[in-house]
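S.K.: Right, I'll just put the structure down here and ask away after.
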Amino acid sequence: MLFCVLTVSDRCSQGLMTDTAGPAVVELLRRHWPAARVETALVPDDDDKIAAQLKEWSAQGAALILTAGGTGMSPRDRTPEATLSVLDRLAPGVSEAMRVRGAESNPFSWLSRGVSGLRGSTLIVNLPGSRRGAEESLVSILMLLRHALEVAEGGQDHP
């Protein structure tokens, strides 16, 4: 099973800052899906580059793509728009669950504009760009992801 983690950050892509969110997400994935192959990439906050990477990985048969970064209110935060441009179907409950659980400890979670959905059978989920935000968001949906991935690949019926 192929999982992919895309860090979206102008500063990290320019070498001005070290990416901590992407590696934290990879570690969580490896802990919960030790048999999965995990690929990573880092792109600037650019709609075309984000969309191109999402399309490439989904064409390779990735089961899950997690993005980290670009979900805030800054004019350069374009990950949701780029993601929406490649999705076939939305899965809004996944992002809603992250915001609800995140707001329990951080009310600014409500400002995250991250989206989730499917491109073919690839589930794509936008996570926040901070290490803490990415980790907490991913942990909050692990149970949902396990079931969503099984259903998306056709291996399980709805409960």
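Ordering of the structure tokens sets the chain letters (A, B, ...), residue numbers begin anew at 1 in every chain, and ligands are numbered from 1 in the order given.
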Residues at most 12 Å from A:Met73, counting only C-alpha atoms, excluding those fewer than 2 positions away in the same chain, as a PyMOL selection string?

M.R.: chain A and resi 69-71+75-80+108-114+128

S.K.: So that I have them on file, write out the residues from the current selection with C-alpha atoms, as an mmCIF file, in the first residue's frame.

M.R.:
data_model
loop_
_atom_site.group_PDB
_atom_site.id
_atom_site.type_symbol
_atom_site.label_atom_id
_atom_site.label_comp_id
_atom_site.auth_asym_id
_atom_site.auth_seq_id
_atom_site.Cartn_x
_atom_site.Cartn_y
_atom_site.Cartn_z
ATOM 1 C CA GLY A 69 0.547 23.094 5.180
ATOM 2 C CA GLY A 70 -1.151 25.778 3.167
ATOM 3 C CA THR A 71 -4.553 25.478 4.862
ATOM 4 C CA PRO A 75 -2.959 34.843 0.753
ATOM 5 C CA ARG A 76 -0.317 32.189 -0.156
ATOM 6 C CA ASP A 77 -2.251 29.352 1.547
ATOM 7 C CA ARG A 78 -3.658 27.578 -1.520
ATOM 8 C CA THR A 79 -3.621 23.872 -0.645
ATOM 9 C CA PRO A 80 -7.433 23.529 -0.364
ATOM 10 C CA PHE A 108 -7.942 28.494 16.017
ATOM 11 C CA SER A 109 -8.538 25.039 14.518
ATOM 12 C CA TRP A 110 -11.810 26.447 13.223
ATOM 13 C CA LEU A 111 -9.782 28.661 10.872
ATOM 14 C CA SER A 112 -8.258 25.697 9.043
ATOM 15 C CA ARG A 113 -9.596 25.553 5.489
ATOM 16 C CA GLY A 114 -8.373 22.009 4.826
ATOM 17 C CA PRO A 128 -2.329 21.907 9.010
#

S.K.: Near stretch 15-25 of chain A, within 6 Å and counting only C-alpha atoms, which residues show up once chain neighbours fewer than 3 positions away are dropped, as a PyMOL selection string?

M.R.: chain A and resi 7+11-12+28+130-131

S.K.: Based on the selection just made, write all heavy atoms of those residues as a CSV table (one decimal), in the first residue's frame.

M.R.:
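Below is the file result_15.csv, written as the result:
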chain,number,residue,atom,x,y,z
A,7,THR,N,4.5,18.0,1.8
A,7,THR,CA,4.6,19.3,2.6
A,7,THR,C,4.5,20.4,1.7
A,7,THR,O,5.2,20.5,0.6
A,7,THR,CB,5.9,19.3,3.4
A,7,THR,OG1,6.0,18.2,4.3
A,7,THR,CG2,6.0,20.6,4.2
A,11,ARG,N,8.6,28.6,2.6
A,11,ARG,CA,9.8,28.7,3.4
A,11,ARG,C,10.6,27.5,3.4
A,11,ARG,O,11.9,27.5,3.3
A,11,ARG,CB,9.6,29.3,4.8
A,11,ARG,CG,9.1,30.7,4.8
A,11,ARG,CD,8.8,31.2,6.2
A,11,ARG,NE,7.5,30.6,6.6
A,11,ARG,CZ,6.9,30.8,7.7
A,11,ARG,NH1,7.5,31.5,8.6
A,11,ARG,NH2,5.8,30.2,8.0
A,12,CYS,N,10.0,26.3,3.6
A,12,CYS,CA,10.7,25.0,3.7
A,12,CYS,C,11.2,24.7,2.3
A,12,CYS,O,12.4,24.2,2.2
A,12,CYS,CB,9.8,23.9,4.1
A,12,CYS,SG,9.4,24.0,5.9
A,28,LEU,N,3.9,8.9,12.1
A,28,LEU,CA,2.6,8.4,12.6
A,28,LEU,C,2.1,7.3,11.6
A,28,LEU,O,1.5,6.3,12.0
A,28,LEU,CB,1.6,9.5,12.7
A,28,LEU,CG,1.6,10.3,14.0
A,28,LEU,CD1,0.8,11.6,13.9
A,28,LEU,CD2,1.1,9.4,15.2
A,130,SER,N,1.7,23.1,10.9
A,130,SER,CA,2.5,23.0,12.1
A,130,SER,C,2.6,21.6,12.5
A,130,SER,O,1.7,20.8,12.3
A,130,SER,CB,1.9,23.8,13.3
A,130,SER,OG,0.7,23.2,13.8
A,131,ARG,N,3.7,21.2,13.1
A,131,ARG,CA,3.9,19.9,13.6
A,131,ARG,C,2.8,19.4,14.5
A,131,ARG,O,2.2,18.4,14.3
A,131,ARG,CB,5.3,19.7,14.3
A,131,ARG,CG,5.5,18.3,14.8
A,131,ARG,CD,6.8,18.1,15.5
A,131,ARG,NE,6.9,16.8,16.0
A,131,ARG,CZ,8.0,16.0,15.9
A,131,ARG,NH1,9.0,16.5,15.4
A,131,ARG,NH2,7.9,14.8,16.4

S.K.: Please give the complete set of residues from stretch 4-148 of chain A that DSSP, run on the backbone, assigns to strand (DSSP E or B), formatted as a list of chain:residue names.

M.R.: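 Answer for stretch 4-148 of chain A, restricted to strand (DSSP E or B): A:Cys4, A:Val5, A:Leu6, A:Thr7, A:Val8, A:Arg37, A:Val38, A:Glu39, A:Thr40, A:Ala41, A:Leu42, A:Val43, A:Leu64, A:Ile65, A:Leu66, A:Thr67, A:Ala68, A:Arg89, A:Leu90, A:Ser116, A:Gly117, A:Leu118, A:Arg119, A:Thr122, A:Leu123, A:Ile124, A:Val125, A:Asn126, A:Leu127.
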
S.K.: Using DSSP on the backbone coordinates, identify the residues of stretch 45-148 of chain A assigned to alpha helix (DSSP H); present them as a ChimeraX atom specification.

M.R.: /A:47-59,79-84,92-103,131-148

S.K.: So how far away is atom CA of A:Val100 from atom CA of A:Val5, in Å?

M.R.: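 Distance between the two atoms: 22.7 Å.
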
S.K.: If we count only C-alpha atoms and set the cut-off at 6 Å, which residues sit around stretch 50-67 of chain A, ignoring sequence neighbours fewer than 2 positions away in its own chain? Please answer as a compact mmCIF listing (two decimals) with all heavy atoms, in the first residue's frame.

M.R.:
# COMPACT_ATOMS: atom_id res chain seq x y z
N LEU A 2 0.57 2.18 -0.88
CA LEU A 2 1.36 3.41 -1.00
C LEU A 2 0.65 4.56 -0.31
O LEU A 2 -0.50 4.86 -0.60
CB LEU A 2 1.58 3.75 -2.49
CG LEU A 2 2.24 5.09 -2.80
CD1 LEU A 2 3.64 5.17 -2.19
CD2 LEU A 2 2.29 5.32 -4.30
N PHE A 3 1.36 5.19 0.63
CA PHE A 3 0.91 6.41 1.29
C PHE A 3 1.89 7.51 0.91
O PHE A 3 3.10 7.26 0.79
CB PHE A 3 0.92 6.26 2.81
CG PHE A 3 -0.15 5.36 3.37
CD1 PHE A 3 -0.14 5.04 4.71
CD2 PHE A 3 -1.15 4.82 2.59
CE1 PHE A 3 -1.11 4.20 5.26
CE2 PHE A 3 -2.12 4.00 3.12
CZ PHE A 3 -2.10 3.69 4.47
N CYS A 4 1.39 8.74 0.75
CA CYS A 4 2.24 9.86 0.35
C CYS A 4 1.98 11.05 1.26
O CYS A 4 0.85 11.30 1.66
CB CYS A 4 1.96 10.24 -1.09
SG CYS A 4 2.20 8.88 -2.25
N VAL A 5 3.05 11.79 1.56
CA VAL A 5 2.96 12.98 2.40
C VAL A 5 3.59 14.14 1.63
O VAL A 5 4.78 14.09 1.28
CB VAL A 5 3.68 12.78 3.75
CG1 VAL A 5 3.62 14.05 4.58
CG2 VAL A 5 3.08 11.59 4.50
N LEU A 6 2.78 15.15 1.38
CA LEU A 6 3.23 16.33 0.65
C LEU A 6 3.26 17.53 1.59
O LEU A 6 2.22 17.97 2.07
CB LEU A 6 2.27 16.62 -0.52
CG LEU A 6 2.59 17.86 -1.35
CD1 LEU A 6 3.95 17.73 -2.03
CD2 LEU A 6 1.49 18.11 -2.37
N THR A 7 4.45 18.04 1.84
CA THR A 7 4.57 19.27 2.62
C THR A 7 4.48 20.44 1.66
O THR A 7 5.15 20.47 0.63
CB THR A 7 5.91 19.32 3.38
OG1 THR A 7 5.97 18.22 4.28
CG2 THR A 7 6.03 20.62 4.18
N ASP A 47 -0.47 26.54 -6.56
CA ASP A 47 -1.59 25.67 -6.95
C ASP A 47 -1.18 24.60 -7.95
O ASP A 47 -1.51 23.42 -7.78
CB ASP A 47 -2.72 26.50 -7.59
CG ASP A 47 -3.43 27.41 -6.62
OD1 ASP A 47 -2.76 28.10 -5.84
OD2 ASP A 47 -4.68 27.42 -6.65
N ASP A 48 -0.47 25.01 -9.00
CA ASP A 48 -0.13 24.07 -10.07
C ASP A 48 0.81 22.97 -9.58
O ASP A 48 0.65 21.80 -9.95
CB ASP A 48 0.49 24.80 -11.26
CG ASP A 48 -0.50 25.73 -11.95
OD1 ASP A 48 -1.73 25.48 -11.85
OD2 ASP A 48 -0.06 26.70 -12.59
N ALA A 82 -6.03 23.96 -4.53
CA ALA A 82 -5.34 23.02 -5.41
C ALA A 82 -5.92 21.61 -5.26
O ALA A 82 -6.11 20.89 -6.24
CB ALA A 82 -3.85 23.01 -5.11
N THR A 122 -8.06 7.16 -4.47
CA THR A 122 -7.06 7.78 -3.60
C THR A 122 -7.73 8.79 -2.68
O THR A 122 -8.38 9.73 -3.14
CB THR A 122 -5.98 8.51 -4.42
OG1 THR A 122 -5.34 7.59 -5.30
CG2 THR A 122 -4.94 9.16 -3.51
N LEU A 123 -7.57 8.59 -1.38
CA LEU A 123 -8.08 9.55 -0.40
C LEU A 123 -7.04 10.62 -0.17
O LEU A 123 -5.87 10.31 0.10
CB LEU A 123 -8.41 8.83 0.92
CG LEU A 123 -8.94 9.70 2.05
CD1 LEU A 123 -10.25 10.39 1.66
CD2 LEU A 123 -9.13 8.85 3.31
N ILE A 124 -7.45 11.87 -0.30
CA ILE A 124 -6.56 13.02 -0.11
C ILE A 124 -7.10 13.85 1.05
O ILE A 124 -8.27 14.22 1.05
CB ILE A 124 -6.46 13.88 -1.38
CG1 ILE A 124 -5.96 13.04 -2.57
CG2 ILE A 124 -5.55 15.09 -1.15
CD1 ILE A 124 -6.00 13.76 -3.91
N VAL A 125 -6.23 14.14 2.02
CA VAL A 125 -6.62 14.88 3.22
C VAL A 125 -5.61 15.99 3.46
O VAL A 125 -4.40 15.75 3.50
CB VAL A 125 -6.68 13.96 4.46
CG1 VAL A 125 -7.04 14.76 5.71
CG2 VAL A 125 -7.66 12.81 4.24
N ASN A 126 -6.10 17.22 3.64
CA ASN A 126 -5.25 18.36 3.98
C ASN A 126 -5.11 18.48 5.49
O ASN A 126 -6.11 18.59 6.20
CB ASN A 126 -5.84 19.68 3.48
CG ASN A 126 -6.03 19.79 1.99
OD1 ASN A 126 -6.86 20.56 1.53
ND2 ASN A 126 -5.27 19.04 1.20
N LEU A 127 -3.86 18.48 5.97
CA LEU A 127 -3.56 18.70 7.38
C LEU A 127 -2.94 20.08 7.55
O LEU A 127 -2.36 20.62 6.60
CB LEU A 127 -2.55 17.65 7.88
CG LEU A 127 -2.93 16.18 7.74
CD1 LEU A 127 -1.74 15.29 8.09
CD2 LEU A 127 -4.13 15.85 8.60

S.K.: Restricting the calculation to only C-alpha atoms: of A:Ala152, A:Leu142, A:Met98, A:Leu90, which residue gets closest to A:His32?

M.R.: A:Leu142
